[in-house]
>>> print(open('model12.cif').read())   # mmCIF, C-alpha atoms
data_coords
#
loop_
_atom_site.label_atom_id
_atom_site.label_comp_id
_atom_site.auth_asym_id
_atom_site.auth_seq_id
_atom_site.Cartn_x
_atom_site.Cartn_y
_atom_site.Cartn_z
CA MET A 23 87.60 89.92 92.47
CA ALA A 24 90.67 91.64 93.94
CA ILE A 25 91.47 94.49 96.29
CA ARG A 26 93.30 97.30 94.55
CA ALA A 27 95.01 100.34 96.09
CA VAL A 28 93.51 103.16 94.03
CA VAL A 29 94.84 106.72 93.92
CA LYS A 30 92.33 108.95 95.66
CA GLY A 31 94.26 112.21 95.76
CA VAL A 32 97.66 113.81 95.12
CA GLY A 33 99.40 116.95 96.35
CA HIS A 34 102.79 118.60 96.72
CA TYR A 35 104.63 121.40 98.44
CA LEU A 36 107.75 123.38 97.52
CA PRO A 37 109.61 125.78 99.85
CA ASP A 38 109.35 129.47 98.98
CA ARG A 39 113.04 130.02 98.25
CA VAL A 40 113.88 129.47 94.58
CA VAL A 41 117.57 129.11 93.73
CA GLU A 42 118.49 129.74 90.10
CA ASN A 43 121.63 128.21 88.59
CA HIS A 44 123.39 131.54 88.35
CA GLU A 45 123.53 131.80 92.15
CA PHE A 46 126.16 129.04 92.16
CA GLU A 47 128.37 131.06 89.82
CA LYS A 48 129.23 133.34 92.75
CA THR A 49 130.97 130.60 94.76
CA LEU A 50 131.75 127.74 92.36
CA ASP A 51 133.63 127.22 89.11
CA THR A 52 130.40 126.55 87.20
CA THR A 53 127.88 128.29 84.97
CA ASP A 54 124.18 128.20 84.31
CA GLU A 55 124.93 126.79 80.84
CA TRP A 56 127.15 124.00 82.24
CA ILE A 57 124.46 122.89 84.70
CA ARG A 58 121.64 123.02 82.13
CA GLN A 59 123.57 121.09 79.47
CA ARG A 60 124.64 118.27 81.77
CA THR A 61 121.56 117.92 83.97
CA GLY A 62 118.61 119.84 82.53
CA ILE A 63 118.25 121.65 85.87
CA GLU A 64 117.50 125.38 85.79
CA ARG A 65 116.40 126.03 89.37
CA ARG A 66 115.50 124.32 92.61
CA HIS A 67 113.82 125.13 95.95
CA PHE A 68 115.59 125.22 99.32
CA ALA A 69 113.86 124.97 102.67
CA ALA A 70 114.01 127.99 104.96
CA GLU A 71 115.95 128.03 108.21
CA GLY A 72 113.90 126.07 110.72
CA GLU A 73 111.74 124.47 108.00
CA ASN A 74 112.12 120.72 108.45
CA THR A 75 111.33 117.70 106.31
CA SER A 76 108.19 116.94 108.34
CA ASP A 77 106.96 120.50 107.73
CA LEU A 78 107.21 120.00 103.97
CA ALA A 79 105.55 116.59 104.25
CA ILE A 80 102.63 117.95 106.28
CA LYS A 81 101.86 120.60 103.67
CA ALA A 82 102.04 118.09 100.80
CA ALA A 83 99.80 115.73 102.78
CA GLN A 84 97.27 118.49 103.43
CA ALA A 85 97.16 119.21 99.69
CA ALA A 86 96.58 115.52 98.93
CA LEU A 87 93.82 115.28 101.55
CA ALA A 88 92.11 118.33 100.07
CA ASP A 89 92.38 116.83 96.59
CA ALA A 90 90.80 113.60 97.85
CA GLY A 91 88.11 115.35 99.88
CA LEU A 92 89.24 113.54 103.02
CA GLU A 93 90.12 114.42 106.60
CA ALA A 94 93.22 113.28 108.49
CA ASP A 95 91.30 110.72 110.53
CA ASP A 96 90.08 109.06 107.33
CA ILE A 97 93.66 107.79 106.93
CA ASP A 98 94.74 104.49 108.50
CA ALA A 99 98.46 104.53 107.70
CA ILE A 100 101.20 106.99 106.75
CA VAL A 101 104.27 105.72 104.92
CA LEU A 102 106.88 108.45 104.54
CA ALA A 103 109.91 108.02 102.30
CA THR A 104 112.86 110.21 103.32
CA SER A 105 116.62 110.16 103.85
CA THR A 106 116.57 113.50 105.67
CA ALA A 107 114.25 112.99 108.63
CA ASP A 108 114.10 115.77 111.25
CA LEU A 109 115.54 113.60 114.03
CA THR A 110 117.23 110.24 114.46
CA PHE A 111 113.95 109.22 116.07
CA PRO A 112 111.00 109.35 116.27
CA SER A 113 110.08 108.91 112.62
CA ALA A 114 109.18 111.94 110.55
CA ALA A 115 105.98 110.07 109.70
CA THR A 116 104.74 110.26 113.29
CA MET A 117 105.47 113.99 113.26
CA VAL A 118 103.33 114.28 110.15
CA GLN A 119 100.62 112.23 111.89
CA ALA A 120 100.60 114.71 114.78
CA GLY A 121 100.86 117.74 112.48
CA LEU A 122 97.80 116.62 110.53
CA GLY A 123 95.82 116.07 113.74
CA MET A 124 95.50 112.35 112.95
CA THR A 125 94.64 110.59 116.21
CA ARG A 126 94.37 107.02 114.97
CA GLY A 127 96.20 104.53 112.77
CA TYR A 128 99.96 104.23 112.45
CA ALA A 129 102.90 105.89 110.71
CA PHE A 130 106.45 104.93 109.79
CA ASP A 131 109.40 105.98 107.62
CA VAL A 132 111.00 104.15 104.68
CA GLN A 133 114.60 104.88 103.68
CA ALA A 134 115.70 103.93 100.17
CA VAL A 135 117.12 107.33 99.14
CA CYS A 136 115.94 108.36 95.64
CA ALA A 137 114.06 105.07 95.21
CA GLY A 138 112.29 105.71 98.50
CA PHE A 139 108.90 106.67 97.12
CA VAL A 140 108.66 103.52 95.00
CA TYR A 141 109.56 101.46 98.07
CA ALA A 142 106.98 103.36 100.16
CA LEU A 143 104.35 102.88 97.47
CA ALA A 144 105.02 99.13 97.36
CA ASN A 145 104.73 98.89 101.14
CA ALA A 146 101.54 100.95 101.25
CA ASN A 147 100.06 98.85 98.45
CA ALA A 148 100.77 95.70 100.46
CA LEU A 149 99.11 97.19 103.54
CA VAL A 150 95.99 98.11 101.58
CA CYS A 151 95.73 94.85 99.65
CA SER A 152 96.23 92.76 102.81
CA GLY A 153 93.48 94.62 104.64
CA GLN A 154 95.75 96.33 107.19
CA ALA A 155 94.73 99.78 105.95
CA LYS A 156 91.71 101.00 104.04
CA ARG A 157 93.43 104.27 103.19
CA ALA A 158 97.16 104.97 103.17
CA LEU A 159 98.93 108.30 102.81
CA VAL A 160 102.22 107.84 100.95
CA ILE A 161 104.67 110.74 101.10
CA GLY A 162 108.11 111.52 99.72
CA ALA A 163 109.79 114.46 101.46
CA GLU A 164 113.37 115.70 101.56
CA THR A 165 115.59 118.57 102.68
CA PHE A 166 118.73 117.52 100.82
CA SER A 167 120.08 121.07 101.08
CA ARG A 168 121.08 120.12 104.65
CA ILE A 169 123.53 117.41 103.53
CA LEU A 170 125.22 119.11 100.57
CA ASP A 171 128.88 120.11 100.37
CA TRP A 172 128.70 123.63 98.93
CA ASN A 173 132.27 123.31 97.65
CA ASP A 174 131.49 120.24 95.54
CA ARG A 175 130.14 121.51 92.22
CA GLY A 176 129.44 117.94 91.08
CA THR A 177 126.72 117.45 93.68
CA CYS A 178 125.50 120.67 95.29
CA VAL A 179 123.97 122.01 92.06
CA LEU A 180 121.89 118.88 91.54
CA PHE A 181 119.56 118.67 94.52
CA GLY A 182 116.57 120.52 95.90
CA ASP A 183 113.98 120.29 98.67
CA GLY A 184 110.30 119.46 98.43
CA ALA A 185 107.53 117.00 99.18
CA GLY A 186 104.83 115.11 97.33
CA ALA A 187 101.98 112.97 98.62
CA LEU A 188 99.51 110.44 97.30
CA ILE A 189 96.51 108.82 98.98
CA LEU A 190 95.64 105.19 98.25
CA GLU A 191 92.20 103.74 98.96
CA ALA A 192 91.11 100.10 98.94
CA GLN A 193 88.62 99.41 96.16
CA HIS A 194 87.37 96.23 94.53
CA GLY A 195 88.67 95.34 91.09
CA ASP A 196 88.40 92.38 88.76
CA GLY A 197 92.05 91.41 89.11
CA THR A 198 92.79 92.37 85.49
CA PRO A 199 95.08 95.00 83.92
CA ALA A 200 91.96 97.09 83.31
CA ASP A 201 91.56 97.73 87.06
CA ARG A 202 92.27 101.11 88.55
CA GLY A 203 94.98 101.27 91.19
CA ILE A 204 98.46 99.87 91.62
CA LEU A 205 98.82 96.98 89.19
CA SER A 206 102.40 95.90 90.00
CA THR A 207 105.62 96.84 91.73
CA ASP A 208 109.24 95.75 91.38
CA LEU A 209 111.95 96.43 93.99
CA ASN A 210 115.69 95.81 93.79
CA SER A 211 118.92 96.65 95.61
CA ASP A 212 122.62 95.76 95.46
CA GLY A 213 124.70 96.88 98.41
CA ARG A 214 127.96 96.24 96.59
CA PHE A 215 127.57 99.66 94.97
CA LYS A 216 127.34 101.66 98.21
CA ASP A 217 130.39 103.80 97.43
CA LEU A 218 128.81 105.22 94.26
CA LEU A 219 126.31 107.36 96.20
CA TYR A 220 126.29 107.84 99.95
CA VAL A 221 126.54 110.31 102.83
CA ASP A 222 129.86 110.19 104.68
CA GLY A 223 128.31 110.56 108.13
CA GLY A 224 125.67 109.08 110.37
CA VAL A 225 124.53 108.31 113.88
CA SER A 226 127.17 105.62 114.50
CA ASN A 227 130.04 108.03 113.85
CA ARG A 228 128.29 111.03 115.42
CA SER A 229 128.31 113.25 112.35
CA THR A 230 125.80 114.45 109.79
CA GLY A 231 128.16 114.11 106.85
CA TYR A 232 127.83 115.24 103.26
CA LEU A 233 126.47 113.61 100.13
CA ARG A 234 129.16 111.97 97.99
CA MET A 235 128.59 110.67 94.48
CA GLN A 236 130.49 109.15 91.59
CA GLY A 237 128.21 110.70 88.99
CA ASN A 238 129.52 108.92 85.92
CA GLN A 239 129.20 105.52 87.58
CA VAL A 240 125.68 106.22 88.81
CA PHE A 241 124.70 107.33 85.30
CA ARG A 242 126.16 104.11 83.87
CA HIS A 243 123.94 102.00 86.12
CA ALA A 244 120.84 104.19 85.93
CA VAL A 245 119.51 103.77 82.40
CA ASP A 246 119.91 99.98 82.27
CA LYS A 247 118.47 99.38 85.74
CA LEU A 248 115.59 101.82 85.33
CA THR A 249 114.61 100.32 81.98
CA SER A 250 114.83 96.78 83.33
CA THR A 251 112.73 97.45 86.44
CA ALA A 252 110.09 99.38 84.48
CA GLU A 253 109.75 96.56 81.95
CA THR A 254 109.56 93.96 84.73
CA ALA A 255 106.77 95.92 86.39
CA LEU A 256 104.89 96.22 83.09
CA ASP A 257 105.21 92.47 82.51
CA ARG A 258 103.87 91.77 86.00
CA ALA A 259 100.94 94.09 85.32
CA GLY A 260 100.16 92.27 82.08
CA LEU A 261 100.79 95.41 80.05
CA GLY A 262 103.17 96.48 77.27
CA HIS A 263 104.84 99.66 76.12
CA GLY A 264 101.86 100.55 73.97
CA ASP A 265 99.60 100.63 77.03
CA VAL A 266 101.64 103.33 78.78
CA ASP A 267 100.07 106.79 78.87
CA TRP A 268 102.72 108.43 81.06
CA ILE A 269 106.09 107.74 82.56
CA VAL A 270 106.66 109.67 85.79
CA PRO A 271 110.35 109.03 86.46
CA HIS A 272 112.65 109.99 89.28
CA GLN A 273 113.77 113.49 88.35
CA ALA A 274 117.57 113.21 88.70
CA ASN A 275 119.00 114.20 85.34
CA ILE A 276 117.34 114.92 81.99
CA ARG A 277 119.85 112.69 80.18
CA ILE A 278 118.91 109.71 82.37
CA ILE A 279 115.22 110.43 81.80
CA GLN A 280 115.71 110.70 78.04
CA GLY A 281 117.95 107.62 77.89
CA THR A 282 115.46 105.47 79.78
CA ALA A 283 112.51 106.62 77.66
CA LYS A 284 114.48 105.94 74.46
CA LYS A 285 115.49 102.47 75.58
CA MET A 286 111.85 101.68 76.43
CA GLY A 287 110.65 103.07 73.11
CA ILE A 288 108.45 105.67 74.83
CA PRO A 289 108.38 109.17 73.25
CA MET A 290 109.35 112.08 75.49
CA ASP A 291 105.92 113.65 75.03
CA LYS A 292 104.64 110.83 77.26
CA VAL A 293 107.14 111.62 80.03
CA VAL A 294 106.36 114.03 82.86
CA VAL A 295 109.48 116.17 83.36
CA THR A 296 109.93 118.58 86.27
CA VAL A 297 113.69 118.33 86.85
CA GLN A 298 114.22 121.76 85.28
CA ASP A 299 112.23 123.45 88.05
CA HIS A 300 112.89 121.23 91.09
CA GLY A 301 116.27 119.60 90.60
CA ASN A 302 116.71 116.19 92.22
CA THR A 303 114.44 116.06 95.27
CA SER A 304 115.27 112.39 95.94
CA ALA A 305 112.27 110.51 97.40
CA ALA A 306 110.04 113.53 96.79
CA SER A 307 110.64 113.75 93.05
CA ILE A 308 108.13 111.17 91.80
CA PRO A 309 105.12 112.30 93.87
CA LEU A 310 106.03 115.92 93.14
CA ALA A 311 106.07 115.23 89.41
CA MET A 312 102.91 113.14 89.67
CA SER A 313 101.08 115.96 91.42
CA VAL A 314 102.31 118.53 88.88
CA GLY A 315 101.29 116.20 86.04
CA ARG A 316 97.84 115.74 87.52
CA GLN A 317 97.29 119.45 88.23
CA SER A 318 98.45 120.45 84.74
CA GLY A 319 95.84 118.16 83.20
CA LYS A 320 98.31 115.71 81.70
CA ILE A 321 97.52 112.69 83.90
CA LYS A 322 93.82 111.81 83.73
CA SER A 323 91.64 109.15 85.33
CA GLY A 324 92.16 105.83 83.58
CA ASP A 325 95.70 106.64 82.45
CA VAL A 326 98.39 103.99 82.90
CA VAL A 327 101.38 105.52 84.68
CA VAL A 328 104.83 103.96 85.12
CA THR A 329 107.14 105.29 87.82
CA GLU A 330 110.78 104.26 88.18
CA ALA A 331 113.67 105.42 90.35
CA ILE A 332 117.23 104.59 91.38
CA GLY A 333 119.22 105.88 94.33
CA GLY A 334 121.92 105.14 96.86
CA GLY A 335 122.28 101.56 97.93
CA LEU A 336 122.12 101.06 95.07
CA ALA A 337 118.35 100.70 95.35
CA TRP A 338 115.95 100.84 92.42
CA GLY A 339 112.41 99.92 91.50
CA ALA A 340 109.26 100.67 89.56
CA ALA A 341 105.50 100.68 89.90
CA VAL A 342 102.65 100.55 87.39
CA LEU A 343 99.31 102.08 88.27
CA ARG A 344 96.13 103.08 86.56
CA PHE A 345 94.75 106.41 87.80
#
>>> encode(input="model12.cif", output="structure tokens")
Amino acid sequence: MAIRAVVKGVGHYLPDRVVENHEFEKTLDTTDEWIRQRTGIERRHFAAEGENTSDLAIKAAQAALADAGLEADDIDAIVLATSTADLTFPSAATMVQAGLGMTRGYAFDVQAVCAGFVYALANANALVCSGQAKRALVIGAETFSRILDWNDRGTCVLFGDGAGALILEAQHGDGTPADRGILSTDLNSDGRFKDLLYVDGGVSNRSTGYLRMQGNQVFRHAVDKLTSTAETALDRAGLGHGDVDWIVPHQANIRIIQGTAKKMGIPMDKVVVTVQDHGNTSAASIPLAMSVGRQSGKIKSGDVVVTEAIGGGLAWGAAVLRF
């Protein structure tokens, strides 16, 4: 007998403003065709003036609660993955707690950039399996539009804003790969690669800064590291490639998604892809894609899902779960 953190509900939220590729043609030396060919991105959503990361997270959380048939006070813990919190402190998670009307439990942020949701999921899983929470709300939410250099065509066309949420509930399993819930996680980081993807500002130097990226170098690391972490997580779960129903990857670049799937020997018709509509929403991209995949009828109860992501740090990781 084992305690498993089982997915009880999913939800997402996207800001109203949709920005098509052609909008960038007005101010940058770029084209819709150039962006599509190199990234697979066609459009993205940007938060409105005054719409903060916690606002997006609250709406995604409300959608997940509705999907699960739960109320805010049924939740024991909120783990929010974000690199674009509203304030230096308090955590965006506590703002979500208040916004939901949740008067009990605890809430905290996790910062691992684009790998943030996998890190948050691993932490929430540990809380549930150790008995520190019966139900955990795991959220990825970002407003990356606030840290983009609009003169840098190599980065500003890539990112979007949004939020996704997932509710985990403690349930008894047999301790086998046939259990529902999170079956394994794998987390990694290597701080030697900080200069490949970072923001050139922060609290210590009293500036917000802008996102900076060496795209070719990040791409070079991405496919190998994502494949390796996904396969490690599958091994830990006692599963193989043939057991995978869906890969829900970090939605950064269609070429990275395709390269990772090819290296794993997983056909693209088993990969949930939303990058064309959302761009790279960093920590929000996996739960966003998971919610879209669930709502569209692709991901069904009993399906084995592999998630994997890589981001600044470099930080990367994967999780295997059975819905």
>>> closest_atom_pairs(input="model12.cif", of="region 128-186 of chain A", to="region 58-68 of chain A", cutoff="10 Å", atoms="all atoms listed in the file", output="JSON lines")
{"residue": "A:Thr165", "atom": "CA", "partner": "A:Phe68", "partner_atom": "CA", "distance": 7.5}
{"residue": "A:Phe166", "atom": "CA", "partner": "A:Phe68", "partner_atom": "CA", "distance": 8.4}
{"residue": "A:Ser167", "atom": "CA", "partner": "A:Phe68", "partner_atom": "CA", "distance": 6.4}
{"residue": "A:Arg168", "atom": "CA", "partner": "A:Phe68", "partner_atom": "CA", "distance": 9.2}
{"residue": "A:Val179", "atom": "CA", "partner": "A:Ile63", "partner_atom": "CA", "distance": 8.4}
{"residue": "A:Leu180", "atom": "CA", "partner": "A:Ile63", "partner_atom": "CA", "distance": 7.3}
{"residue": "A:Phe181", "atom": "CA", "partner": "A:Arg66", "partner_atom": "CA", "distance": 7.2}
{"residue": "A:Gly182", "atom": "CA", "partner": "A:Arg66", "partner_atom": "CA", "distance": 5.1}
{"residue": "A:Asp183", "atom": "CA", "partner": "A:Phe68", "partner_atom": "CA", "distance": 5.2}
{"residue": "A:Gly184", "atom": "CA", "partner": "A:His67", "partner_atom": "CA", "distance": 7.1}
>>> atom_distance(input="model12.cif", atom1="CA of Gln133 (chain A)", atom2="CA of Ala85 (chain A)")
22.9 Å
>>> closest_residue(input="model12.cif", among="A:Gly33, A:Gly324, A:Gly162, A:Gly203", to="Ala115 (chain A)", atoms="all atoms listed in the file")
A:Gly162
>>> closest_residue(input="model12.cif", among="A:Ala120, A:Leu50, A:Val140, A:Ala70", to="Pro271 (chain A)", atoms="only C-alpha atoms")
A:Val140
>>> closest_residue(input="model12.cif", among="A:Asn43, A:Thr230, A:Gln280, A:Thr329", to="Met312 (chain A)", atoms="only C-alpha atoms")
A:Thr329
>>> closest_residue(input="model12.cif", among="A:Arg242, A:Arg344, A:Arg214, A:Lys48", to="Val266 (chain A)", atoms="all atoms listed in the file")
A:Arg344
>>> closest_residue(input="model12.cif", among="A:Leu209, A:Ile269, A:Ala103, A:Leu310", to="Thr251 (chain A)", atoms="all atoms listed in the file")
A:Leu209
>>> resolve_selection(input="model12.cif", expression="the PyMOL selection byres ((chain A and resi 137) around 8)", output="number ranges by chain")
A: 134-136, 138-141, 272, 304-305, 330-333, 337-339
>>> resolve_selection(input="model12.cif", expression="the PyMOL selection byres ((chain A and resi 24) around 10)", output="list in words")
Met23, Ile25, Arg26, Ala27, Cys151, Ala192, Gln193, His194, Gly195, Asp196, Gly197, Thr198 and Asp201 of chain A
>>> write_last_selection(input="model12.cif", atoms="C-alpha atoms", output="short mmCIF file (atom, residue, chain, number, x, y, z; two decimals), in the coordinates of the input")
data_model
loop_
_atom_site.label_atom_id
_atom_site.label_comp_id
_atom_site.auth_asym_id
_atom_site.auth_seq_id
_atom_site.Cartn_x
_atom_site.Cartn_y
_atom_site.Cartn_z
CA MET A 23 87.60 89.92 92.47
CA ILE A 25 91.47 94.49 96.29
CA ARG A 26 93.30 97.30 94.55
CA ALA A 27 95.01 100.34 96.09
CA CYS A 151 95.73 94.85 99.65
CA ALA A 192 91.11 100.10 98.94
CA GLN A 193 88.62 99.41 96.16
CA HIS A 194 87.37 96.23 94.53
CA GLY A 195 88.67 95.34 91.09
CA ASP A 196 88.40 92.38 88.76
CA GLY A 197 92.05 91.41 89.11
CA THR A 198 92.79 92.37 85.49
CA ASP A 201 91.56 97.73 87.06
#
>>> closest_residue(input="model12.cif", among="A:Asp77, A:Asp267, A:Asp51, A:Asp95", to="Ala107 (chain A)", atoms="only C-alpha atoms")
A:Asp77
>>> atom_distance(input="model12.cif", atom1="CA of Val293 (chain A)", atom2="CA of Lys320 (chain A)")
9.9 Å
>>> residues_around(input="model12.cif", residues="Gly315 (chain A)", least_positions_apart="3", cutoff="12 Å", atoms="only C-alpha atoms", output="MDAnalysis selection string")
chainID A and resid 32:34 186 267:271 292:296 307:312 318:323 325 327 345
>>> write_last_selection(input="model12.cif", atoms="C-alpha atoms", output="compact mmCIF listing (two decimals), keeping the file's coordinate frame")
# COMPACT_ATOMS: atom_id res chain seq x y z
CA VAL A 32 97.66 113.81 95.12
CA GLY A 33 99.40 116.95 96.35
CA HIS A 34 102.79 118.60 96.72
CA GLY A 186 104.83 115.11 97.33
CA ASP A 267 100.07 106.79 78.87
CA TRP A 268 102.72 108.43 81.06
CA ILE A 269 106.09 107.74 82.56
CA VAL A 270 106.66 109.67 85.79
CA PRO A 271 110.35 109.03 86.46
CA LYS A 292 104.64 110.83 77.26
CA VAL A 293 107.14 111.62 80.03
CA VAL A 294 106.36 114.03 82.86
CA VAL A 295 109.48 116.17 83.36
CA THR A 296 109.93 118.58 86.27
CA SER A 307 110.64 113.75 93.05
CA ILE A 308 108.13 111.17 91.80
CA PRO A 309 105.12 112.30 93.87
CA LEU A 310 106.03 115.92 93.14
CA ALA A 311 106.07 115.23 89.41
CA MET A 312 102.91 113.14 89.67
CA SER A 318 98.45 120.45 84.74
CA GLY A 319 95.84 118.16 83.20
CA LYS A 320 98.31 115.71 81.70
CA ILE A 321 97.52 112.69 83.90
CA LYS A 322 93.82 111.81 83.73
CA SER A 323 91.64 109.15 85.33
CA ASP A 325 95.70 106.64 82.45
CA VAL A 327 101.38 105.52 84.68
CA PHE A 345 94.75 106.41 87.80
>>> atom_distance(input="model12.cif", atom1="CA of Leu102 (chain A)", atom2="CA of Val118 (chain A)")
8.8 Å
>>> resolve_selection(input="model12.cif", expression="the PyMOL selection byres ((chain A and resi 125) around 10)", output="CSV table (one decimal) with C-alpha atoms, keeping the file's coordinate frame")
chain,number,residue,atom,x,y,z
A,94,ALA,CA,93.2,113.3,108.5
A,95,ASP,CA,91.3,110.7,110.5
A,97,ILE,CA,93.7,107.8,106.9
A,98,ASP,CA,94.7,104.5,108.5
A,119,GLN,CA,100.6,112.2,111.9
A,120,ALA,CA,100.6,114.7,114.8
A,122,LEU,CA,97.8,116.6,110.5
A,123,GLY,CA,95.8,116.1,113.7
A,124,MET,CA,95.5,112.4,113.0
A,126,ARG,CA,94.4,107.0,115.0
A,127,GLY,CA,96.2,104.5,112.8
A,128,TYR,CA,100.0,104.2,112.4
>>> residues_around(input="model12.cif", residues="Gly335 (chain A)", least_positions_apart="4", cutoff="9 Å", atoms="all atoms listed in the file", output="ChimeraX atom specification")
/A:134-135,211-220
>>> build_atoms(input="model12.cif", residues="region 324-339 of chain A", atoms="N, CA and C atoms", output="compact mmCIF listing (two decimals), in the coordinates of the input")
# COMPACT_ATOMS: atom_id res chain seq x y z
N GLY A 324 92.08 106.91 84.55
CA GLY A 324 92.16 105.83 83.58
C GLY A 324 93.51 105.69 82.92
N ASP A 325 94.38 106.70 83.06
CA ASP A 325 95.70 106.64 82.45
C ASP A 325 96.59 105.63 83.16
N VAL A 326 97.39 104.91 82.37
CA VAL A 326 98.39 103.99 82.90
C VAL A 326 99.69 104.77 83.09
N VAL A 327 100.19 104.77 84.32
CA VAL A 327 101.38 105.52 84.68
C VAL A 327 102.46 104.55 85.17
N VAL A 328 103.67 104.73 84.66
CA VAL A 328 104.83 103.96 85.12
C VAL A 328 105.77 104.90 85.86
N THR A 329 106.13 104.53 87.08
CA THR A 329 107.14 105.29 87.82
C THR A 329 108.36 104.41 88.01
N GLU A 330 109.55 105.02 87.94
CA GLU A 330 110.78 104.26 88.18
C GLU A 330 111.82 105.18 88.79
N ALA A 331 112.68 104.61 89.66
CA ALA A 331 113.67 105.42 90.35
C ALA A 331 114.86 104.57 90.75
N ILE A 332 116.02 105.23 90.89
CA ILE A 332 117.23 104.59 91.38
C ILE A 332 117.94 105.56 92.32
N GLY A 333 118.52 105.02 93.38
CA GLY A 333 119.22 105.88 94.33
C GLY A 333 120.29 105.10 95.08
N GLY A 334 120.85 105.74 96.08
CA GLY A 334 121.92 105.14 96.86
C GLY A 334 121.53 103.78 97.41
N GLY A 335 122.51 102.93 97.46
CA GLY A 335 122.28 101.56 97.93
C GLY A 335 123.18 100.54 97.24
N LEU A 336 123.13 100.47 95.93
CA LEU A 336 122.12 101.06 95.07
C LEU A 336 120.76 100.40 95.31
N ALA A 337 119.71 101.20 95.25
CA ALA A 337 118.35 100.70 95.35
C ALA A 337 117.57 101.24 94.17
N TRP A 338 116.74 100.38 93.56
CA TRP A 338 115.95 100.84 92.42
C TRP A 338 114.65 100.04 92.34
N GLY A 339 113.69 100.60 91.60
CA GLY A 339 112.41 99.92 91.50
C GLY A 339 111.44 100.68 90.63
